[in-house]
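Engineer: You'll find run-v6.cif just under this line, and it carries mmCIF, C-alpha atoms.
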data_query
loop_
_atom_site.label_atom_id
_atom_site.label_comp_id
_atom_site.auth_asym_id
_atom_site.auth_seq_id
_atom_site.Cartn_x
_atom_site.Cartn_y
_atom_site.Cartn_z
CA CYS A 1 79.09 114.52 66.98
CA ASP A 2 78.82 113.74 63.26
CA GLU A 3 75.48 115.54 62.87
CA ILE A 4 76.82 118.80 64.31
CA GLN A 5 80.02 118.56 62.25
CA THR A 6 77.97 118.10 59.07
CA ILE A 7 75.96 121.21 59.96
CA LEU A 8 79.15 123.15 60.73
CA ASN A 9 80.39 122.36 57.25
CA SER A 10 77.21 123.35 55.44
CA LYS A 11 74.98 125.59 57.55
CA LYS A 12 73.73 128.93 56.36
CA PHE A 13 73.78 130.94 59.59
CA PHE A 14 70.80 133.18 60.43
CA ASN A 15 71.66 135.25 63.48
CA LYS A 16 70.28 138.78 63.62
CA PRO A 17 70.78 140.26 67.08
CA PHE A 18 68.25 142.83 68.29
CA THR A 19 67.17 144.73 71.37
CA LYS A 20 63.53 145.63 71.86
CA THR A 21 61.52 146.61 74.90
CA ASP A 22 61.97 143.73 77.35
CA THR A 23 63.37 141.39 74.64
CA VAL A 24 67.03 140.82 73.72
CA LEU A 25 68.88 138.55 71.28
CA ILE A 26 72.66 138.74 71.17
CA GLY A 27 74.82 137.75 68.22
CA TYR A 28 77.62 135.37 67.23
CA ALA A 29 80.28 135.87 64.59
CA THR A 30 79.88 132.33 63.23
CA TYR A 31 77.84 129.19 63.78
CA ALA A 32 80.98 127.44 65.00
CA ASP A 33 81.26 130.06 67.77
CA TYR A 34 77.66 129.36 68.79
CA VAL A 35 78.21 125.60 68.95
CA GLU A 36 81.44 125.93 70.94
CA ILE A 37 79.80 128.26 73.49
CA GLN A 38 76.77 126.00 73.86
CA GLN A 39 78.89 122.89 74.34
CA ASP A 40 81.15 124.62 76.88
CA GLY A 41 78.06 125.93 78.67
CA TYR A 42 76.64 122.43 78.87
CA ARG A 43 79.77 121.22 80.63
CA ASN A 44 79.42 123.99 83.22
CA THR A 45 75.68 123.50 83.87
CA CYS A 46 74.95 119.84 83.10
CA ASP A 47 74.21 119.16 86.76
CA PHE A 48 71.26 121.62 86.73
CA VAL A 49 67.64 120.50 86.26
CA LEU A 50 65.36 123.38 85.25
CA SER A 51 62.07 121.47 85.39
CA ASP A 52 60.67 119.28 88.14
CA ARG A 53 58.36 116.29 88.25
CA GLU A 54 55.30 118.41 89.01
CA ILE A 55 55.86 120.67 86.00
CA ILE A 56 56.43 117.67 83.75
CA HIS A 57 53.22 116.07 85.04
CA ASP A 58 51.37 119.26 84.09
CA VAL A 59 53.00 119.22 80.64
CA ALA A 60 51.90 115.60 80.17
CA GLU A 61 48.33 116.44 81.16
CA LEU A 62 48.27 119.31 78.65
CA VAL A 63 49.62 117.03 75.93
CA LYS A 64 46.89 114.47 76.63
CA LEU A 65 44.20 117.18 76.79
CA TYR A 66 45.06 118.72 73.42
CA THR A 67 46.40 115.87 71.30
CA GLY A 68 44.56 112.63 72.13
CA LYS A 69 46.32 109.45 71.02
CA LEU A 70 50.11 109.76 71.20
CA LYS A 71 52.90 108.19 69.20
CA LEU A 72 55.80 110.65 68.91
CA GLY A 73 57.18 113.41 71.10
CA VAL A 74 60.44 115.34 71.40
CA CYS A 75 62.02 117.37 74.21
CA HIS A 76 64.60 119.89 73.02
CA GLY A 77 67.65 120.93 75.05
CA VAL A 78 67.40 118.27 77.76
CA LYS A 79 70.92 118.28 79.26
CA SER A 80 70.82 115.25 81.61
CA GLY A 81 67.57 113.91 80.16
CA TYR A 82 65.23 114.17 83.13
CA GLU A 83 62.51 115.92 81.12
CA ASN A 84 62.19 113.33 78.36
CA GLN A 85 62.50 110.44 80.83
CA TRP A 86 59.78 111.83 83.09
CA LEU A 87 57.50 112.58 80.15
CA SER A 88 58.04 109.10 78.79
CA GLU A 89 56.95 107.65 82.14
CA GLU A 90 53.91 109.94 82.28
CA LEU A 91 52.77 109.35 78.70
CA LYS A 92 53.83 105.71 78.32
CA ILE A 93 55.63 106.28 75.01
CA PRO A 94 59.32 106.76 74.13
CA ILE A 95 60.26 110.45 74.10
CA CYS A 96 63.37 111.58 72.24
CA GLY A 97 65.53 114.20 73.93
CA THR A 98 67.97 116.44 72.06
CA ASP A 99 71.03 118.38 73.14
CA ILE A 100 73.77 120.05 71.14
CA ALA A 101 76.49 118.77 73.49
CA VAL A 102 78.27 115.59 72.41
CA GLU A 103 78.50 114.44 76.03
CA ALA A 104 74.71 114.57 76.46
CA ALA A 105 74.04 111.85 73.87
CA ASP A 106 72.88 108.69 75.62
CA SER A 107 71.02 105.91 73.86
CA GLN A 108 69.78 104.45 77.16
CA LYS A 109 68.18 107.80 78.03
CA ASN A 110 67.02 108.26 74.41
CA ILE A 111 69.05 111.50 74.01
CA ILE A 112 70.61 112.39 70.67
CA CYS A 113 73.27 114.98 69.84
CA TRP A 114 71.30 117.47 67.76
CA ASP A 115 70.96 121.21 67.14
CA PHE A 116 67.32 121.96 67.89
CA HIS A 117 67.18 124.54 65.07
CA ASP A 118 67.27 121.67 62.57
CA LEU A 119 64.54 119.32 61.34
CA LYS A 120 64.84 115.60 61.04
CA ASP A 121 62.96 114.36 57.98
CA GLU A 122 61.16 111.74 60.06
CA TRP A 123 59.77 114.46 62.36
CA ILE A 124 58.19 116.72 59.73
CA GLN A 125 54.44 117.05 60.45
CA ARG A 126 54.57 113.81 62.47
CA LEU A 127 55.24 114.81 66.08
CA ASP A 128 52.34 114.89 68.51
CA PHE A 129 54.12 117.37 70.75
CA ILE A 130 57.33 119.23 71.50
CA TYR A 131 58.32 120.44 74.96
CA SER A 132 61.25 122.70 75.77
CA ASN A 133 62.49 125.09 78.42
CA SER A 134 65.57 125.91 76.32
CA ILE A 135 64.54 128.34 73.58
CA ASN A 136 66.55 131.00 75.44
CA HIS A 137 69.59 129.14 74.02
CA SER A 138 68.46 129.84 70.45
CA TYR A 139 70.53 132.06 68.15
CA ASN A 140 67.32 132.75 66.16
CA PRO A 141 64.18 132.02 68.21
CA ARG A 142 61.78 132.90 65.38
CA TYR A 143 63.41 130.41 62.99
CA CYS A 144 63.74 127.87 65.80
CA LEU A 145 60.04 128.03 66.67
CA ASP A 146 59.12 127.75 62.98
CA GLN A 147 61.15 124.56 62.74
CA TRP A 148 59.53 123.11 65.82
CA LEU A 149 56.03 123.85 64.59
CA LEU A 150 56.85 122.38 61.18
CA SER A 151 57.52 119.15 63.06
CA LEU A 152 53.99 118.97 64.48
CA ARG A 153 51.11 117.07 62.96
CA PRO A 154 47.73 118.89 62.72
CA GLY A 155 46.45 119.07 66.28
CA GLY A 156 49.95 118.76 67.72
CA VAL A 157 51.18 121.11 70.44
CA CYS A 158 54.38 122.89 71.31
CA ILE A 159 54.67 123.58 75.04
CA LEU A 160 57.29 126.08 76.14
CA GLU A 161 58.33 126.61 79.75
CA TRP A 162 59.34 130.14 80.77
CA THR A 163 61.02 130.95 84.09
CA ASP A 164 62.62 134.02 85.65
CA PHE A 165 65.90 132.73 84.22
CA HIS A 166 64.52 133.40 80.71
CA ASN A 167 64.40 137.13 81.45
CA THR A 168 66.67 139.71 79.82
CA GLU A 169 68.91 140.11 82.89
CA TYR A 170 70.15 136.54 82.39
CA VAL A 171 71.08 136.95 78.71
CA ASN A 172 74.68 136.03 77.97
CA GLN A 173 76.67 134.19 75.30
CA TYR A 174 75.35 130.85 76.54
CA LYS A 175 71.72 132.04 76.77
CA PRO A 176 71.46 134.56 73.92
CA PHE A 177 67.69 135.14 73.97
CA GLY A 178 65.79 136.71 76.86
CA SER A 179 62.42 138.31 77.44
CA THR A 180 59.82 139.08 80.05
CA ILE A 181 56.90 136.68 79.97
CA GLU A 182 54.62 139.40 78.57
CA SER A 183 56.98 140.26 75.72
CA TYR A 184 57.72 136.57 75.16
CA VAL A 185 54.03 135.85 74.56
CA GLU A 186 53.74 138.92 72.33
CA TYR A 187 56.78 137.76 70.34
CA ILE A 188 55.19 134.35 69.78
CA GLN A 189 51.83 135.88 68.88
CA GLU A 190 53.36 138.00 66.15
CA LYS A 191 53.11 134.81 64.11
CA TYR A 192 51.28 132.11 66.11
CA GLN A 193 48.32 131.85 68.44
CA VAL A 194 49.00 131.04 72.07
CA LYS A 195 46.33 128.52 72.99
CA LYS A 196 46.89 128.75 76.73
CA LEU A 197 49.17 130.55 79.18
CA ILE A 198 49.41 128.95 82.62
CA LYS A 199 51.15 130.49 85.62
CA LYS A 200 52.62 127.85 87.91
CA ASP A 201 53.69 128.08 91.55
CA PRO A 202 57.28 129.33 91.91
CA LYS A 203 59.84 126.50 92.08
CA PRO A 204 63.64 126.41 92.50
CA LEU A 205 66.28 124.95 90.21
CA TYR A 206 67.63 121.56 91.22
CA ASN A 207 70.86 119.61 90.93
CA LEU A 208 71.08 116.02 89.66
CA LYS A 209 70.25 114.76 93.14
CA LEU A 210 67.03 116.83 92.78
CA GLU A 211 68.12 119.07 95.65
CA PRO A 212 67.15 122.78 95.32
CA ILE A 213 70.05 125.06 94.41
CA THR A 214 68.15 128.36 94.02
CA GLY A 215 65.23 130.07 95.64
CA PRO A 216 61.76 129.84 94.06
CA VAL A 217 61.42 131.32 90.55
CA ASP A 218 58.28 132.20 88.61
CA ARG A 219 57.24 129.67 85.96
CA TYR A 220 54.78 129.67 83.08
CA LEU A 221 53.70 127.08 80.53
CA ILE A 222 52.84 128.35 77.05
CA VAL A 223 50.79 126.13 74.74
CA ILE A 224 50.85 126.62 70.94
CA GLN A 225 48.69 124.31 68.82
CA ILE A 226 48.89 123.59 65.10
CA ASN A 227 45.52 123.14 63.38
CA ALA A 228 44.67 121.50 60.06
CA GLY A 229 45.24 124.02 57.27
CA ASP A 230 47.82 126.10 59.17
CA LYS A 231 50.73 127.07 56.93
CA ILE A 232 54.10 127.39 58.63
CA THR A 233 56.64 129.55 56.82
CA LEU A 234 60.25 129.80 57.91
CA GLY A 235 61.40 133.10 59.27
CA ASP A 236 65.00 134.25 59.19
#
I'd like the structure from this file rewritten - as structure tokens, please.
Structural biologist:
Amino acid sequence: CDEIQTILNSKKFFNKPFTKTDTVLIGYATYADYVEIQQDGYRNTCDFVLSDREIIHDVAELVKLYTGKLKLGVCHGVKSGYENQWLSEELKIPICGTDIAVEAADSQKNIICWDFHDLKDEWIQRLDFIYSNSINHSYNPRYCLDQWLLSLRPGGVCILEWTDFHNTEYVNQYKPFGSTIESYVEYIQEKYQVKKLIKKDPKPLYNLKLEPITGPVDRYLIVIQINAGDKITLGD
């Protein structure tokens, strides 16, 4: 899409692979390589649904608990758009979904072609919440999370979903970042405060018919809240 092509032409690429205890980030030679791999990966997995209606209901309840009156929300890395559609139904407001794949863009589902590492000017310090289960697709999760939190208004929340498929054993070129839940929380808390960590009942992955295609996997919801006076600085 035009937005991704503009970024390809101008982006300064921050990708610093590392391996720590229970946390891995692999590298890419160029940003163009990253985009190509993500778009190809979308085509191979676009019939998967990582979340389910119960998880999204819990996300919506957390959003209402922590943020109060709602106007704007974004779901990053939505593939087929179930997450933002379900959240929109739960919260009674339009929810924008993003995905880097051109094929994912769908105005009827309110999905835009967008790299979730990048800020839209109209989002900066205006979003009530962000939800994503896709930060394992980030080439620089620290920078990515900084960008997401820069989007939030004071009192806004970022809710991340972690599953067994976010662990290091599932790291590959399509999912470059992986961590155990313990190390994931520690990684976040190097810079931000985790407001709440919630362990959910194990659930499978689903296809687009919402039929299970895996056995049950562990799931957690991680809540990060931005308070008035918090200063977000971009990492690299």
Engineer: Rank nothing, just name the residue among A:Asp201, A:Ile124, A:Ser80, A:Leu119 nearest to Asp106 of chain A, using all atoms listed in the file.
Structural biologist: A:Ser80
Engineer: What do you get, as a PyMOL selection string, if you spell out every residue that the PyMOL selection byres ((chain A and resi 150) around 12) selects here?
Structural biologist: chain A and resi 117-130+143-149+151-154+156-158+225-227+230-235
Engineer: My list of candidates is A:Lys92, A:Lys175, A:His76, A:Lys203. Which is closest to Leu160 of chain A when distances are computed with all atoms listed in the file?
Structural biologist: A:His76
Engineer: Go ahead and compute the interatomic distance for atom CA of Arg43 of chain A and atom CA of Ala101 of chain A, in Å to one decimal.
Structural biologist: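 Distance between the two atoms: 8.2 Å.
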Engineer: Could you list the residues chosen by the PyMOL selection byres ((chain A and resi 176) around 7) in this structure as a list in words?
Structural biologist: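 Given this file, the PyMOL selection byres ((chain A and resi 176) around 7) evaluates to Leu25, Ile26, Asn136, His137, Ser138, Tyr139, Val171, Asn172, Gln173, Tyr174, Lys175, Phe177 and Gly178 of chain A.
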Engineer: Would you mind exporting the chosen residues as a PDB file, in the coordinates of the input, restricted to C-alpha atoms?
Structural biologist:
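Output below, filename part-v4.pdb:
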ATOM      1  CA  LEU A  25      68.880 138.550  71.280  1.00  0.00           C
ATOM      2  CA  ILE A  26      72.660 138.740  71.170  1.00  0.00           C
ATOM      3  CA  ASN A 136      66.550 131.000  75.440  1.00  0.00           C
ATOM      4  CA  HIS A 137      69.590 129.140  74.020  1.00  0.00           C
ATOM      5  CA  SER A 138      68.460 129.840  70.450  1.00  0.00           C
ATOM      6  CA  TYR A 139      70.530 132.060  68.150  1.00  0.00           C
ATOM      7  CA  VAL A 171      71.080 136.950  78.710  1.00  0.00           C
ATOM      8  CA  ASN A 172      74.680 136.030  77.970  1.00  0.00           C
ATOM      9  CA  GLN A 173      76.670 134.190  75.300  1.00  0.00           C
ATOM     10  CA  TYR A 174      75.350 130.850  76.540  1.00  0.00           C
ATOM     11  CA  LYS A 175      71.720 132.040  76.770  1.00  0.00           C
ATOM     12  CA  PHE A 177      67.690 135.140  73.970  1.00  0.00           C
ATOM     13  CA  GLY A 178      65.790 136.710  76.860  1.00  0.00           C
TER      14      GLY A 178
END
Engineer: Kindly indicate which residue among A:Lys71, A:Arg53, A:Lys20, A:Lys199 lies nearest to Thr168 of chain A, using all atoms listed in the file for the distances.
Structural biologist: A:Lys20
Engineer: Between A:Tyr28, A:Tyr131, A:Tyr42, A:Trp114, single out the one closest to Leu72 of chain A, counting only C-alpha atoms.
Structural biologist: A:Tyr131
Engineer: Find, counting all atoms listed in the file, the residue in A:Lys16, A:Lys209, A:Lys195, A:Arg219 that gets nearest to Val49 of chain A.
Structural biologist: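 Of A:Lys16, A:Lys209, A:Lys195, A:Arg219, the one nearest Val49 of chain A, counting all atoms listed in the file, is A:Lys209.
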Engineer: From the set A:Lys64, A:Lys191, A:His57, A:Lys200, which residue has the shortest atom-to-atom contact distance to Trp86 of chain A, counting only C-alpha atoms?
Structural biologist: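 Among the listed residues, A:His57 lies closest to Trp86 of chain A.
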Engineer: Quick one: pull the distance between atom CA of Gln108 of chain A and atom CA of Ile159 of chain A, Å, one decimal.
Structural biologist: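 Interatomic distance, atom CA of Gln108 of chain A to atom CA of Ile159 of chain A: 24.5 Å.
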Engineer: What does the distance from atom CA of Gly215 of chain A to atom CA of Gln85 of chain A come to in Å, to one decimal?
Structural biologist: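 Taking atom CA of Gly215 of chain A as the start and atom CA of Gln85 of chain A as the end point, the length is 24.7 Å.
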Engineer: Can you list, as a list in words, every protein, DNA or RNA residue that comes within 10 Å of segment 102-105 of chain A when you count only C-alpha atoms, leaving out same-chain residues fewer than 3 positions away?
Structural biologist: Cys1, Asp2, Glu3, Ile4, Gln39, Tyr42, Arg43, Cys46, Gly77, Val78, Lys79, Ser80, Gly81, Gly97, Thr98, Asp99, Gln108, Lys109, Asn110, Ile111, Ile112, Cys113 and Trp114 of chain A
Engineer: Those same residues - C-alpha atoms - I'd like them written as a CSV table (one decimal), in the coordinates of the input.
Structural biologist:
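Done, and the output landed in selection26.csv:
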chain,number,residue,atom,x,y,z
A,1,CYS,CA,79.1,114.5,67.0
A,2,ASP,CA,78.8,113.7,63.3
A,3,GLU,CA,75.5,115.5,62.9
A,4,ILE,CA,76.8,118.8,64.3
A,39,GLN,CA,78.9,122.9,74.3
A,42,TYR,CA,76.6,122.4,78.9
A,43,ARG,CA,79.8,121.2,80.6
A,46,CYS,CA,75.0,119.8,83.1
A,77,GLY,CA,67.6,120.9,75.0
A,78,VAL,CA,67.4,118.3,77.8
A,79,LYS,CA,70.9,118.3,79.3
A,80,SER,CA,70.8,115.2,81.6
A,81,GLY,CA,67.6,113.9,80.2
A,97,GLY,CA,65.5,114.2,73.9
A,98,THR,CA,68.0,116.4,72.1
A,99,ASP,CA,71.0,118.4,73.1
A,108,GLN,CA,69.8,104.4,77.2
A,109,LYS,CA,68.2,107.8,78.0
A,110,ASN,CA,67.0,108.3,74.4
A,111,ILE,CA,69.0,111.5,74.0
A,112,ILE,CA,70.6,112.4,70.7
A,113,CYS,CA,73.3,115.0,69.8
A,114,TRP,CA,71.3,117.5,67.8
Engineer: Find the spatial neighbours of Val185 of chain A, counting all atoms listed in the file, within a cut-off of 9 Å - ignore same-chain residues fewer than 3 positions away - and output them as a ChimeraX atom specification.
Structural biologist: /A:180-182,188-190,194,197,222
Engineer: Selected by the PyMOL selection byres ((chain A and resi 60) around 10) in the shown coordinates: which residues, as a list of chain:residue names?
Structural biologist: A:Glu54, A:Ile55, A:Ile56, A:His57, A:Asp58, A:Val59, A:Glu61, A:Leu62, A:Val63, A:Lys64, A:Leu65, A:Trp86, A:Leu87, A:Ser88, A:Glu89, A:Glu90, A:Leu91, A:Phe129, A:Tyr131, A:Ile159
